[in-house]
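So the structure is just underneath, and the comments pick up after that.
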Amino acid sequence: MASKTDCVMSLRAVRQLRRVRAFYAGGVLLWAVLTAWTGWQLPGSRQMWVSALLLAVFSGLLLTASLWLQRLQAAGSQRPAHHAASRRATAPRHAHA
C-alpha cells in the first residue's frame with residue numbers, strides 16, 4: 001500500500017510535468033514558426049539548421065515529458081480508490097416469520 005507522501009509526491013510530479021509539457025509545447029511551436037520563417041528567408045543557412053536542431057530538441061523534450069506524464073497517470077489509476085460510504089439510507093430489514 002502506498003503511503004500518503006507517495007501520493008502527494010505523485011500529484012506534485014503530475015502537476016509539474018503538466019507545466020513543463022506546456023512550456024515544451026510552446027517551445028516546439030515557437031521553433032517550428034522560426035524554422036519555417038528562417039527556411040523561407042535563408043534556405044540552407046546555418047541559422048535555419050540551428051533553428052531546426054532546437055525544434056528537434058524541444059520536440060524530444062515534449063515527447064519525453066508526455067510519456068512520463070502518461071506513465072505517472074497510469075500508475076496512479078492502479079492504486080485502490082478510497083471511497084466514502086454511500087449517503088443513501090439503507091432499506092429497513094424485516095424479519096420473516
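Each chain in the C-alpha cells gets a letter, A, B and so on, in the order shown; residues start at 1 in every chain, and ligands are counted from 1 in the order they appear.
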When you look at Val28 of chain A with a cut-off of 7 Å (counting only C-alpha atoms), what residues show up, excluding the ones that are within fewer than 6 positions of it in the same chain? I need them as a compact mmCIF listing (two decimals) with C-alpha atoms, in the first residue's frame.
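selection28.txt written:
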# COMPACT_ATOMS: atom_id res chain seq x y z
CA LEU A 55 12.98 22.33 -32.85
CA PHE A 58 12.14 20.71 -27.88
CA SER A 59 10.16 18.02 -29.70
**Asked** Any idea what's packed within 8 Å of Arg21 of chain A, counting only C-alpha atoms, ignoring anything in its chain fewer than 5 positions away? Could you give it as a PyMOL selection string?
**Response** chain A and resi 62+65-66
Expected file contents, prior selection, N, CA, C and O atoms, as a compact mmCIF listing (two decimals), in the first residue's frame:
# COMPACT_ATOMS: atom_id res chain seq x y z
N LEU A 62 9.39 17.43 -25.31
CA LEU A 62 7.94 17.34 -25.21
C LEU A 62 7.48 15.89 -25.22
O LEU A 62 6.62 15.50 -24.43
N ALA A 65 8.42 14.31 -21.77
CA ALA A 65 7.53 14.77 -20.69
C ALA A 65 6.14 14.16 -20.84
O ALA A 65 5.52 13.79 -19.84
N SER A 66 5.66 14.04 -22.06
CA SER A 66 4.33 13.45 -22.28
C SER A 66 4.32 11.98 -21.89
O SER A 66 3.36 11.49 -21.29
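Straight-line separation from atom CA of Trp37 of chain A to atom CA of Arg18 of chain A: 28.6 Å.
With only C-alpha atoms as the atoms that count, the residue of A:Leu72, A:Leu54, A:Leu11, A:Met48 with the shortest distance to Trp31 of chain A is A:Leu54.
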